[in-house]
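Participant: The structure follows.
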2 protein chains.
Amino acid sequence: MKPLSSPILDEKLKEHVLIQYLSRFTTVSEEDAHILLENLDVRSFKKGDILLREGQISPWCYFVLKGCVRQYYLVDGEEKTTNFFTEGTPINLYEGFYKNAPAKYYLVCLEDSYLSVGPPEDTSHPLATKFEPVCRLSSQEESSKYQEMLAMYMIHSPEERYLNLLKTRPDLIERVPQYYLASYLGVTPETLSRIRKRIMSK
Amino acid sequence: MKPLSSPILDEKLKEHVLIQYLSRFTTVSEEDAHILLENLDVRSFKKGDILLREGQISPWCYFVLKGCVRQYYLVDGEEKTTNFFTEGTPINLYEGFYKNAPAKYYLVCLEDSYLSVGPPEDTSHPLATKFEPVCRLSSQEESSKYQEMLAMYMIHSPEERYLNLLKTRPDLIERVPQYYLASYLGVTPETLSRIRKRIMSK
């Protein structure tokens with residue numbers, strides 16, 4: 001992990017993404033924002049850097065300030081893409097930290113990325129107590145989001161999943177290579193290509 | 001919603017399911033357990049009772065003490081089953097409570113059920129502050145669980161999903177009617193029947 005090459009860019013970026021995220025759950029005073037940003041451990045990663053491998057136990061959680069992290073499972077030698085974490089998204093590695101359970105999947109940077117890195121429960125943080133309810137709310141929102149994503153995946157056809165992605169995460173369509181997107185939607189790249197053509201011709 | 005007919009059964013049940021659940025995240029003293037159980041609003045529901053309809057905003061969260069609640073989406077007049085909440089499971093209705101968003105799905109009791117009912121954030125509860133980290137941990141666990149359920153649904157075939165269910169939630173196979181189970185696994189009842197025969201003959 002390399003130190004940041006541009007601390008000035010980074011300050012703006014941290015403030016923008018992290019404080020905007022936290023402001024969804026609480027009022028962040030200027031003083032709180034200052035303490036939070038001072039205590040944030042931000043690291044830069046290169047496209048292709050692997051954050052976690054199957055079988056490893058991660059002592060960290062991440063929060064994406066810039067970039068994109070792909071989650072995949074290796075099934076009979078084939079990578080099955082199951083998630084993309086982009087700006088303003090926590091990567092919660094609860095199973096590793098709290099249950100000491102080895103990961104069943106891989107996390108790899110799909111782009112050069114800036115991530116804040118830390119233990120999921122840092123009681124030494126000066127705002128730990130104050131921000132405990134924020135962490136609870138954020139986790140509740142994440143839980144609710146994944147429940148809905150699961151339900152949507154269950155009830156939708158691959159074409160509907162693609163249309164839903166266009167509506168809810170249009171940036172992914174632009175920034176993610178076709179074969180990863182196809183895997184994520186549960187189809188072959190050829191089928192995804194046909195789906196796109198069908199939609200474009202409508 | 002009806003008052004409980006058997007408070008004695010209920011005390012045992014509450015203690016068993018709720019305290020066991022909370023003990024996964026913290027040490028629950030006898031005094032804490034007493035306060036928690038005293039303040040719990042437990043209600044009984046009949047098989048078929050609807051807890052939430054599409055379009056409604058739920059002011060409540062639930063925790064299943066006994067029974068089974070089915071979640072389904074109504075798609076072109078057809079019920080698509082997307083979740084079963086059983087003993088020791090929170091039913092988190094974050095979107096309704098915090099975002100005032102109408103539900104996109106239905107929640108219906110699949111069996112006679114005992115549920116604890118309450119607002120998701122009850123600051124007047126005598127143990128609210130003490131149990132804030134527990135609620136955060138519980139939500140993080142839920143979030144992690146649904147992320148894994150989503151990934152498993154994505155990477156598995158319907159037959160693998162059924163085998164996974166046999167391993168992780170064998171009770172569902174026994175207590176849930178075939179057509180709901182088929183819907184949950186993303187197949188027709190006929191296909192589920194073929195999957196079961198194939199597995200039994202192995």
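Ordering of the structure tokens sets the chain letters (A, B, ...); residue numbers start at 1 within each chain; ligands are numbered from 1 in the order shown.
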Identify, on the basis of only C-alpha atoms, every residue whose closest approach to Thr26 in chain A does not exceed 8 Å; exclude the query and any residue fewer than 3 positions from it along the same chain; express the result as a list in words.
Facilitator: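 Near neighbours after the sequence-gap exclusion: Leu22, Ser23 and Val134 of chain A.
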Participant: Can you tell me, as a PyMOL selection string, which residues in range 3-200 of chain B count as alpha helix (DSSP H) by DSSP?
Facilitator: chain B and resi 7-14+20-22+30-38+94-99+132-155+158-168+170-175+178-185+189-200
Participant: For each of B:Trp60, B:Tyr105, B:Tyr114, B:Tyr73, take the minimum atom-to-atom distance to Asn92 in chain B, counting only C-alpha atoms, then give the residue where this is smallest.
Facilitator: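 For Asn92 in chain B, the nearest of the given residues is B:Trp60.
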Participant: What are the residues of chain A that have an atom within 9 Å of an atom of chain B, counting only C-alpha atoms, as a ChimeraX atom specification?
Facilitator: /A:72-73,75,80-83,92-95,132-147,149-155,183-186
Participant: Selection from above, N, CA and C atoms, as a compact mmCIF listing (two decimals), in the first residue's frame, can you write it?
Facilitator:
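Output (result.txt):
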# COMPACT_ATOMS: atom_id res chain seq x y z
N TYR A 72 -15.50 -11.18 -6.32
CA TYR A 72 -15.82 -12.37 -7.11
C TYR A 72 -15.53 -13.65 -6.34
N TYR A 73 -16.27 -14.68 -6.71
CA TYR A 73 -16.05 -16.03 -6.17
C TYR A 73 -15.38 -16.84 -7.29
N VAL A 75 -15.31 -20.23 -8.93
CA VAL A 75 -16.11 -21.46 -8.97
C VAL A 75 -15.62 -22.32 -10.13
N LYS A 80 -16.78 -15.62 -10.78
CA LYS A 80 -18.19 -15.20 -10.80
C LYS A 80 -18.28 -13.88 -10.04
N THR A 81 -18.53 -12.81 -10.77
CA THR A 81 -18.58 -11.48 -10.16
C THR A 81 -19.91 -11.29 -9.42
N THR A 82 -19.82 -10.86 -8.16
CA THR A 82 -21.03 -10.77 -7.34
C THR A 82 -21.30 -9.36 -6.78
N ASN A 83 -20.32 -8.47 -6.89
CA ASN A 83 -20.57 -7.11 -6.39
C ASN A 83 -19.53 -6.12 -6.93
N ASN A 92 -17.92 -4.02 4.15
CA ASN A 92 -18.04 -4.56 5.49
C ASN A 92 -17.52 -5.99 5.50
N LEU A 93 -16.46 -6.24 6.27
CA LEU A 93 -15.91 -7.60 6.31
C LEU A 93 -16.16 -8.23 7.68
N TYR A 94 -17.42 -8.19 8.05
CA TYR A 94 -17.87 -8.64 9.38
C TYR A 94 -17.43 -10.05 9.72
N GLU A 95 -17.59 -10.96 8.78
CA GLU A 95 -17.31 -12.38 9.05
C GLU A 95 -15.86 -12.60 9.47
N GLU A 132 -21.29 5.89 17.14
CA GLU A 132 -21.83 4.52 17.24
C GLU A 132 -23.23 4.42 16.59
N PRO A 133 -24.16 5.34 16.92
CA PRO A 133 -25.48 5.24 16.26
C PRO A 133 -25.41 5.43 14.74
N VAL A 134 -24.42 6.20 14.28
CA VAL A 134 -24.26 6.40 12.83
C VAL A 134 -23.84 5.09 12.18
N CYS A 135 -22.92 4.39 12.84
CA CYS A 135 -22.48 3.09 12.31
C CYS A 135 -23.65 2.10 12.31
N ARG A 136 -24.49 2.19 13.34
CA ARG A 136 -25.66 1.30 13.39
C ARG A 136 -26.62 1.61 12.24
N LEU A 137 -26.88 2.90 12.03
CA LEU A 137 -27.79 3.30 10.95
C LEU A 137 -27.23 2.91 9.59
N SER A 138 -25.93 3.15 9.42
CA SER A 138 -25.28 2.79 8.16
C SER A 138 -25.39 1.28 7.91
N SER A 139 -25.19 0.50 8.96
CA SER A 139 -25.28 -0.97 8.81
C SER A 139 -26.72 -1.40 8.52
N GLN A 140 -27.68 -0.72 9.17
CA GLN A 140 -29.09 -1.04 8.90
C GLN A 140 -29.44 -0.73 7.45
N GLU A 141 -28.92 0.40 6.96
CA GLU A 141 -29.19 0.76 5.57
C GLU A 141 -28.56 -0.25 4.62
N GLU A 142 -27.32 -0.66 4.93
CA GLU A 142 -26.63 -1.66 4.10
C GLU A 142 -27.43 -2.97 4.08
N SER A 143 -27.89 -3.38 5.26
CA SER A 143 -28.64 -4.62 5.37
C SER A 143 -29.91 -4.55 4.53
N SER A 144 -30.59 -3.41 4.63
CA SER A 144 -31.82 -3.20 3.87
C SER A 144 -31.52 -3.19 2.36
N LYS A 145 -30.42 -2.56 1.97
CA LYS A 145 -30.02 -2.47 0.56
C LYS A 145 -29.75 -3.87 -0.01
N TYR A 146 -29.02 -4.70 0.74
CA TYR A 146 -28.70 -6.02 0.22
C TYR A 146 -29.92 -6.94 0.20
N GLN A 147 -30.84 -6.75 1.16
CA GLN A 147 -32.09 -7.52 1.13
C GLN A 147 -32.84 -7.19 -0.16
N MET A 149 -31.54 -5.90 -2.96
CA MET A 149 -30.78 -6.38 -4.12
C MET A 149 -31.02 -7.87 -4.35
N LEU A 150 -31.07 -8.62 -3.23
CA LEU A 150 -31.33 -10.07 -3.33
C LEU A 150 -32.71 -10.31 -3.93
N ALA A 151 -33.71 -9.62 -3.39
CA ALA A 151 -35.08 -9.79 -3.89
C ALA A 151 -35.17 -9.41 -5.37
N MET A 152 -34.54 -8.29 -5.74
CA MET A 152 -34.59 -7.85 -7.14
C MET A 152 -33.92 -8.87 -8.06
N TYR A 153 -32.81 -9.43 -7.59
CA TYR A 153 -32.12 -10.44 -8.41
C TYR A 153 -33.02 -11.67 -8.59
N MET A 154 -33.74 -12.01 -7.50
CA MET A 154 -34.62 -13.19 -7.55
C MET A 154 -35.79 -13.01 -8.51
N ILE A 155 -36.40 -11.81 -8.47
CA ILE A 155 -37.65 -11.66 -9.21
C ILE A 155 -37.45 -11.18 -10.65
N SER A 183 -21.25 -11.41 -16.06
CA SER A 183 -21.16 -12.36 -14.94
C SER A 183 -22.03 -11.90 -13.78
N TYR A 184 -21.99 -10.60 -13.48
CA TYR A 184 -22.77 -10.01 -12.39
C TYR A 184 -24.27 -10.16 -12.64
N LEU A 185 -24.67 -10.09 -13.92
CA LEU A 185 -26.10 -10.20 -14.26
C LEU A 185 -26.53 -11.65 -14.44
N GLY A 186 -25.57 -12.56 -14.40
CA GLY A 186 -25.89 -13.99 -14.48
C GLY A 186 -26.09 -14.50 -15.91
Participant: For Ser44 in chain B, which residue out of B:Leu127, B:Gly77, B:Ala101, B:Glu111 is the nearest one, using only C-alpha atoms?
Facilitator: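 When distances to Ser44 in chain B are compared using only C-alpha atoms, the smallest one comes from B:Glu111.
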Participant: Leaving out Glu190 in chain B and any residue of its chain fewer than 5 positions from it, which residues lie within 12 Å of it when counting only C-alpha atoms, given as an MDAnalysis selection string?
Facilitator: chainID B and resid 178:179 181:183 195:197
Participant: B:Val17, B:Ala33, B:Asp49, B:Tyr180: which is nearest Val108 in chain B, counting only C-alpha atoms?
Facilitator: B:Asp49
Participant: Would you mind writing down, as a compact mmCIF listing (two decimals) with C-alpha atoms, in the first residue's frame, each residue of chain A that DSSP on the backbone assigns to strand (DSSP E)?
Facilitator:
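The resulting file, result-v1.txt, is shown below:
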# COMPACT_ATOMS: atom_id res chain seq x y z
CA VAL A 42 -6.59 6.65 3.42
CA ARG A 43 -4.58 4.42 1.12
CA SER A 44 -4.19 4.32 -2.61
CA PHE A 45 -4.42 1.13 -4.63
CA ILE A 50 -6.01 -7.61 -4.54
CA LEU A 51 -7.46 -6.52 -1.18
CA LEU A 52 -8.55 -9.95 -0.08
CA CYS A 61 -13.03 -2.77 6.66
CA TYR A 62 -12.90 -0.36 3.76
CA PHE A 63 -14.83 2.65 2.57
CA VAL A 64 -14.52 3.62 -1.09
CA LEU A 65 -13.55 7.28 -1.53
CA LYS A 66 -12.70 6.90 -5.21
CA VAL A 69 -13.62 -2.73 -6.09
CA ARG A 70 -14.94 -5.95 -7.62
CA GLN A 71 -15.99 -8.95 -5.52
CA TYR A 72 -15.82 -12.37 -7.11
CA TYR A 73 -16.05 -16.03 -6.17
CA LEU A 74 -13.82 -18.59 -7.89
CA VAL A 75 -16.11 -21.46 -8.97
CA GLU A 78 -14.20 -19.42 -13.25
CA GLU A 79 -14.57 -15.95 -11.72
CA LYS A 80 -18.19 -15.20 -10.80
CA THR A 81 -18.58 -11.48 -10.16
CA THR A 82 -21.03 -10.77 -7.34
CA ASN A 83 -20.57 -7.11 -6.39
CA PHE A 84 -19.02 -3.77 -7.32
CA PHE A 85 -18.19 -1.32 -4.53
CA PRO A 90 -18.61 0.66 2.83
CA ILE A 91 -17.00 -2.75 2.34
CA TYR A 106 -11.81 -12.18 -3.64
CA LEU A 107 -11.78 -8.38 -3.59
CA VAL A 108 -9.81 -6.75 -6.39
CA CYS A 109 -9.47 -3.13 -7.50
CA SER A 113 -8.72 3.50 -6.02
CA TYR A 114 -8.54 5.51 -2.82
CA LEU A 115 -9.97 3.63 0.14
CA SER A 116 -10.17 4.49 3.78
CA VAL A 117 -8.95 1.52 5.78
CA GLY A 118 -9.57 0.64 9.40
Participant: Between CA of Ser124 in chain B and CA of Leu40 in chain B, what distance in Å does the model show, to one decimal?
Facilitator: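 One can read the CA of Ser124 in chain B to CA of Leu40 in chain B distance as 12.7 Å.
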